[in-house]
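J.: Input file: run_5.txt. Contents: compact mmCIF, C-alpha atoms.
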# COMPACT_ATOMS: atom_id res chain seq x y z
CA MET A 1 -10.05 -35.29 10.07
CA LYS A 2 -10.94 -33.17 13.10
CA ALA A 3 -7.71 -34.16 14.86
CA LEU A 4 -5.75 -33.15 11.76
CA THR A 5 -7.58 -29.81 11.59
CA LYS A 6 -6.95 -29.17 15.30
CA THR A 7 -3.26 -29.94 14.82
CA TRP A 8 -2.78 -27.57 11.89
CA THR A 9 -5.14 -24.61 12.31
CA THR A 10 -3.21 -22.83 15.07
CA PRO A 11 0.20 -23.06 13.32
CA LEU A 12 -1.50 -22.00 10.06
CA VAL A 13 -3.00 -18.91 11.73
CA ALA A 14 0.35 -18.15 13.37
CA GLY A 15 2.28 -18.50 10.10
CA ALA A 16 -0.20 -16.36 8.17
CA PHE A 17 -0.08 -13.77 10.94
CA ILE A 18 3.72 -13.62 10.82
CA ILE A 19 3.69 -13.05 7.05
CA SER A 20 0.90 -10.48 7.26
CA ALA A 21 2.41 -8.61 10.19
CA PHE A 22 5.92 -8.50 8.69
CA THR A 23 4.81 -7.35 5.25
CA GLY A 24 2.28 -4.95 6.80
CA LEU A 25 5.03 -3.28 8.82
CA LEU A 26 7.20 -2.98 5.71
CA LEU A 27 4.31 -1.36 3.83
CA PHE A 28 3.63 0.96 6.76
CA PHE A 29 7.20 2.23 6.62
CA HIS A 30 7.10 2.39 2.79
CA LEU A 31 9.77 -0.31 2.47
CA GLU A 32 8.60 -2.37 -0.46
CA PRO A 33 11.45 -4.46 -1.82
CA GLY A 34 10.62 -7.45 -3.99
CA ILE A 35 7.03 -8.58 -3.92
CA VAL A 36 6.03 -7.32 -0.47
CA GLU A 37 2.66 -5.87 -1.52
CA PRO A 38 1.28 -8.95 -3.35
CA VAL A 39 2.61 -11.25 -0.61
CA HIS A 40 0.79 -9.10 1.96
CA GLU A 41 -2.43 -9.19 -0.06
CA TRP A 42 -2.32 -12.98 -0.51
CA ALA A 43 -1.34 -13.48 3.13
CA SER A 44 -4.55 -11.65 4.01
CA TRP A 45 -6.52 -14.34 2.21
CA LEU A 46 -4.47 -17.03 3.92
CA ILE A 47 -5.09 -15.55 7.36
CA VAL A 48 -8.85 -15.27 6.66
CA ILE A 49 -9.05 -18.92 5.59
CA ALA A 50 -6.84 -20.08 8.46
CA ALA A 51 -8.82 -18.06 11.01
CA LEU A 52 -12.13 -19.44 9.72
CA LEU A 53 -10.78 -23.01 9.93
CA HIS A 54 -9.47 -22.29 13.41
CA LEU A 55 -12.83 -20.80 14.44
CA LEU A 56 -14.78 -23.78 13.10
CA THR A 57 -12.39 -26.26 14.69
CA HIS A 58 -12.54 -24.55 18.08
CA TRP A 59 -16.18 -23.41 17.94
CA LYS A 60 -17.11 -24.65 21.43
CA SER A 61 -14.24 -22.73 23.03
CA PHE A 62 -15.08 -19.67 20.98
CA THR A 63 -18.69 -19.60 22.19
CA VAL A 64 -17.39 -19.50 25.78
CA TYR A 65 -15.48 -16.29 24.93
CA LEU A 66 -18.66 -14.72 23.58
CA LYS A 67 -20.27 -15.06 27.01
CA LYS A 68 -17.64 -12.82 28.63
CA ALA A 69 -17.71 -9.03 28.42
CA GLY A 70 -13.97 -8.46 27.82
CA PRO A 71 -13.54 -10.70 24.76
CA LEU A 72 -16.91 -9.54 23.42
CA LEU A 73 -15.80 -5.89 23.69
CA LEU A 74 -12.53 -6.70 21.89
CA LEU A 75 -14.43 -8.38 19.07
CA ALA A 76 -16.86 -5.46 18.85
CA GLY A 77 -13.93 -3.04 18.82
CA GLY A 78 -12.26 -4.96 16.00
CA LEU A 79 -15.46 -4.96 13.96
CA SER A 80 -15.90 -1.23 14.62
CA VAL A 81 -12.38 -0.38 13.42
CA ALA A 82 -12.91 -2.54 10.32
CA ALA A 83 -16.20 -0.75 9.56
CA LEU A 84 -14.70 2.70 10.20
CA SER A 85 -11.83 1.94 7.81
CA LEU A 86 -14.36 2.05 4.98
CA TYR A 87 -15.24 5.67 5.71
CA PRO A 88 -13.47 8.11 3.35
CA TRP A 89 -11.63 10.09 6.04
CA VAL A 90 -9.51 11.83 3.42
CA GLU A 91 -11.24 13.20 0.37
CA GLU A 92 -9.73 12.00 -2.91
CA GLU A 93 -8.83 15.58 -3.84
CA GLU A 94 -6.83 15.86 -0.60
CA ASN A 95 -4.88 12.64 -1.10
CA PRO A 96 -1.85 13.61 -3.21
CA ARG A 97 -1.18 10.07 -4.43
CA LYS A 98 -4.72 9.57 -5.65
CA LYS A 99 -4.69 13.02 -7.20
CA ALA A 100 -1.43 12.25 -9.06
CA VAL A 101 -2.77 8.93 -10.35
CA ALA A 102 -6.03 10.59 -11.47
CA MET A 103 -4.02 13.26 -13.29
CA LEU A 104 -1.95 10.57 -15.05
CA GLU A 105 -5.08 8.64 -16.01
CA ASN A 106 -6.42 11.78 -17.69
CA ALA A 107 -3.09 12.84 -19.22
CA ARG A 108 -2.57 12.56 -22.96
CA ILE A 109 -0.20 9.85 -24.19
CA ALA A 110 1.87 12.62 -25.80
CA ASP A 111 2.23 14.37 -22.43
CA VAL A 112 3.14 11.21 -20.51
CA ALA A 113 6.08 10.29 -22.77
CA PRO A 114 8.52 12.85 -21.28
CA ILE A 115 7.54 11.76 -17.76
CA VAL A 116 8.84 8.26 -18.53
CA ASP A 117 11.91 9.67 -20.30
CA SER A 118 10.68 8.67 -23.73
CA SER A 119 9.53 10.26 -26.93
CA GLU A 120 5.92 10.08 -28.00
CA ASP A 121 6.78 7.78 -30.93
CA VAL A 122 8.82 5.37 -28.78
CA LEU A 123 6.04 5.20 -26.18
CA ILE A 124 3.45 4.49 -28.88
CA LEU A 125 5.71 1.73 -30.26
CA ARG A 126 6.14 0.25 -26.77
CA LEU A 127 2.37 0.18 -26.35
CA ALA A 128 1.90 -1.33 -29.83
CA HIS A 129 4.53 -3.98 -29.06
CA ASN A 130 2.39 -4.94 -26.06
CA GLY A 131 -0.84 -5.12 -28.05
CA ILE A 132 -2.16 -1.61 -27.32
CA LYS A 133 -3.17 0.48 -30.32
CA VAL A 134 -2.94 4.24 -29.84
CA TYR A 135 -5.70 5.61 -32.07
CA ASP A 136 -4.92 9.21 -31.20
CA PRO A 137 -1.87 10.40 -29.21
CA GLY A 138 -4.10 13.19 -27.93
CA ASP A 139 -6.27 10.63 -26.13
CA SER A 140 -5.81 10.15 -22.41
CA ILE A 141 -4.34 6.96 -21.02
CA GLU A 142 -7.80 6.13 -19.71
CA LYS A 143 -9.45 6.64 -23.13
CA THR A 144 -6.70 4.59 -24.84
CA ALA A 145 -7.31 1.77 -22.34
CA GLU A 146 -11.07 1.92 -23.00
CA LYS A 147 -10.59 1.87 -26.79
CA ASN A 148 -8.45 -1.26 -26.42
CA GLY A 149 -10.80 -2.93 -23.96
CA LYS A 150 -8.06 -3.02 -21.34
CA ASP A 151 -7.76 -2.09 -17.70
CA ILE A 152 -5.91 1.17 -17.08
CA GLY A 153 -3.49 -0.72 -14.83
CA THR A 154 -2.37 -2.72 -17.86
CA LEU A 155 -1.38 0.49 -19.65
CA PHE A 156 0.33 1.84 -16.55
CA HIS A 157 2.35 -1.37 -16.33
CA ILE A 158 3.48 -1.01 -19.95
CA ILE A 159 4.15 2.73 -19.74
CA PHE A 160 6.03 2.71 -16.43
CA GLN A 161 8.02 -0.52 -16.83
What does the file become when written as structure tokens?
T.:
Amino acid sequence: MKALTKTWTTPLVAGAFIISAFTGLLLFFHLEPGIVEPVHEWASWLIVIAALLHLLTHWKSFTVYLKKAGPLLLLAGGLSVAALSLYPWVEEEENPRKKAVAMLENARIADVAPIVDSSEDVLILRLAHNGIKVYDPGDSIEKTAEKNGKDIGTLFHIIFQ
């Protein structure tokens, strides 16, 4: 089993890295044809699993790296960048995309219809056809989602399809 793991962990890490790097670059440059975003997200899981298998398989070699200052500093730097990425550098109010999404979440169904080039009645029918009951067209998308016990993303998917 260990020989099999040693044979496959490095190519698995390399393959996952290629997928993650390629799709990450596309996302960086806002080129998102096809299913780039979900492939990138799932490749992240693949690279985590592959890296953990690789680490466990090559544990003795890895511990040698931890005794040297250079590799230890690189690992510490990587962990620092990961931790710093959690800090909200841009306030939500300053991020135009988040602000737009928040405004749409709070917009009334009646007001969203023209945005998607539809009438209020047609949008309500589209939602109903997909199992979403609009109790009051004056309700926000968020409130309509809550009343139906659905995630707001589900309504967005129906409305903006």
J.: Could you give me, as a list of chain:residue names, the residues within 10 Å of Ile159 (chain A), counting all atoms listed in the file and dropping anything in the same chain fewer than 3 positions from it?
T.: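 The residues that qualify are A:Ile109, A:Val112, A:Ala113, A:Ile115, A:Val116, A:Ser118, A:Leu123, A:Ile124, A:Arg126, A:Leu127, A:Ile141, A:Gly153, A:Thr154, A:Leu155, A:Phe156.
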J.: Using only C-alpha atoms, give me every residue within 12 Å of (-8.7, -3.9, -27.1) in file coordinates, as number ranges by chain.
T.: A: 127-128, 130-135, 143-152, 154-155
J.: I'd like to know which of A:Gly138, A:Pro88, A:Pro11, A:Gly78 is closest to Ala107 (chain A), using only C-alpha atoms.
T.: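 Ranked by minimum distance to Ala107 (chain A), first place goes to A:Gly138.
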J.: How many Å separate CA of Ala50 (chain A) from CA of Thr7 (chain A)?
T.: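 Value for the CA of Ala50 (chain A)-CA of Thr7 (chain A) distance: 12.3 Å.
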J.: Report the distance between CA of Thr10 (chain A) and CA of Leu55 (chain A) in Å, rounded to one decimal place.
T.: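 Between these atoms lies a distance of 9.9 Å.
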J.: Figure out the distance between CA of Val48 (chain A) and CA of Ile19 (chain A), please, to one decimal in Å.
T.: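 If I compute the distance from CA of Ile19 (chain A) to CA of Val48 (chain A), I get 12.7 Å.
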J.: For Phe160 (chain A), which residue out of A:Pro137, A:Leu104, A:Leu46, A:Ala51 is the nearest one, using only C-alpha atoms?
T.: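 Closest candidate: A:Leu104.
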J.: Between A:Tyr87, A:Phe22, A:Lys6, A:Val36, which residue has the minimum interatomic distance to Leu56 (chain A), considering only C-alpha atoms?
T.: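 So, comparing all the options, the nearest one is A:Lys6.
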J.: Which residue is closest to Arg108 (chain A)? Choose from A:Asp139, A:Leu26, A:His157, A:Ala16 and count all atoms listed in the file.
T.: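 Going through A:Asp139, A:Leu26, A:His157, A:Ala16 one by one, the smallest distance to Arg108 (chain A) is for A:Asp139.
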J.: Reconstruct N, CA and C atoms of region 107-134 of chain A from the incomplete input and present them as a short mmCIF file (atom, residue, chain, number, x, y, z; two decimals), in the frame of the given file.
T.:
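Result file is out-v7.cif:
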data_model
loop_
_atom_site.label_atom_id
_atom_site.label_comp_id
_atom_site.auth_asym_id
_atom_site.auth_seq_id
_atom_site.Cartn_x
_atom_site.Cartn_y
_atom_site.Cartn_z
N ALA A 107 -4.12 12.20 -18.40
CA ALA A 107 -3.09 12.84 -19.22
C ALA A 107 -3.05 12.22 -20.62
N ARG A 108 -2.70 13.04 -21.59
CA ARG A 108 -2.57 12.56 -22.96
C ARG A 108 -1.30 11.71 -23.07
N ILE A 109 -1.36 10.71 -23.94
CA ILE A 109 -0.20 9.85 -24.19
C ILE A 109 1.01 10.71 -24.54
N ALA A 110 0.78 11.73 -25.37
CA ALA A 110 1.87 12.62 -25.80
C ALA A 110 2.50 13.34 -24.61
N ASP A 111 1.71 13.66 -23.59
CA ASP A 111 2.23 14.37 -22.43
C ASP A 111 2.92 13.45 -21.42
N VAL A 112 2.57 12.16 -21.46
CA VAL A 112 3.14 11.21 -20.51
C VAL A 112 4.54 10.76 -20.95
N ALA A 113 4.79 10.77 -22.25
CA ALA A 113 6.08 10.29 -22.77
C ALA A 113 7.27 10.93 -22.07
N PRO A 114 7.35 12.27 -21.95
CA PRO A 114 8.52 12.85 -21.28
C PRO A 114 8.64 12.45 -19.81
N ILE A 115 7.52 12.16 -19.17
CA ILE A 115 7.54 11.76 -17.76
C ILE A 115 8.30 10.44 -17.60
N VAL A 116 8.17 9.56 -18.59
CA VAL A 116 8.84 8.26 -18.53
C VAL A 116 10.14 8.27 -19.34
N ASP A 117 10.64 9.48 -19.60
CA ASP A 117 11.91 9.67 -20.30
C ASP A 117 11.90 8.98 -21.66
N SER A 118 10.85 9.27 -22.42
CA SER A 118 10.68 8.67 -23.73
C SER A 118 10.13 9.71 -24.69
N SER A 119 10.20 9.40 -25.96
CA SER A 119 9.53 10.26 -26.93
C SER A 119 8.13 9.70 -27.15
N GLU A 120 7.29 10.51 -27.72
CA GLU A 120 5.92 10.08 -28.00
C GLU A 120 5.93 8.85 -28.90
N ASP A 121 6.75 8.89 -29.97
CA ASP A 121 6.78 7.78 -30.93
C ASP A 121 7.26 6.47 -30.28
N VAL A 122 8.29 6.58 -29.44
CA VAL A 122 8.82 5.37 -28.78
C VAL A 122 7.78 4.80 -27.82
N LEU A 123 7.08 5.67 -27.10
CA LEU A 123 6.04 5.20 -26.18
C LEU A 123 4.90 4.52 -26.94
N ILE A 124 4.51 5.09 -28.06
CA ILE A 124 3.45 4.49 -28.88
C ILE A 124 3.91 3.13 -29.40
N LEU A 125 5.18 3.02 -29.80
CA LEU A 125 5.71 1.73 -30.26
C LEU A 125 5.74 0.71 -29.13
N ARG A 126 6.12 1.15 -27.93
CA ARG A 126 6.14 0.25 -26.77
C ARG A 126 4.74 -0.28 -26.50
N LEU A 127 3.76 0.61 -26.56
CA LEU A 127 2.37 0.18 -26.35
C LEU A 127 1.94 -0.79 -27.44
N ALA A 128 2.27 -0.46 -28.70
CA ALA A 128 1.90 -1.33 -29.83
C ALA A 128 2.55 -2.70 -29.69
N HIS A 129 3.80 -2.72 -29.25
CA HIS A 129 4.53 -3.98 -29.06
C HIS A 129 3.84 -4.86 -28.02
N ASN A 130 3.11 -4.21 -27.11
CA ASN A 130 2.39 -4.94 -26.06
C ASN A 130 0.90 -5.07 -26.37
N GLY A 131 0.54 -4.88 -27.63
CA GLY A 131 -0.84 -5.12 -28.05
C GLY A 131 -1.81 -3.98 -27.82
N ILE A 132 -1.29 -2.77 -27.55
CA ILE A 132 -2.16 -1.61 -27.32
C ILE A 132 -2.04 -0.67 -28.51
N LYS A 133 -3.16 -0.43 -29.18
CA LYS A 133 -3.17 0.48 -30.32
C LYS A 133 -3.53 1.88 -29.83
N VAL A 134 -2.67 2.84 -30.18
CA VAL A 134 -2.94 4.24 -29.84
C VAL A 134 -3.63 4.85 -31.06
#
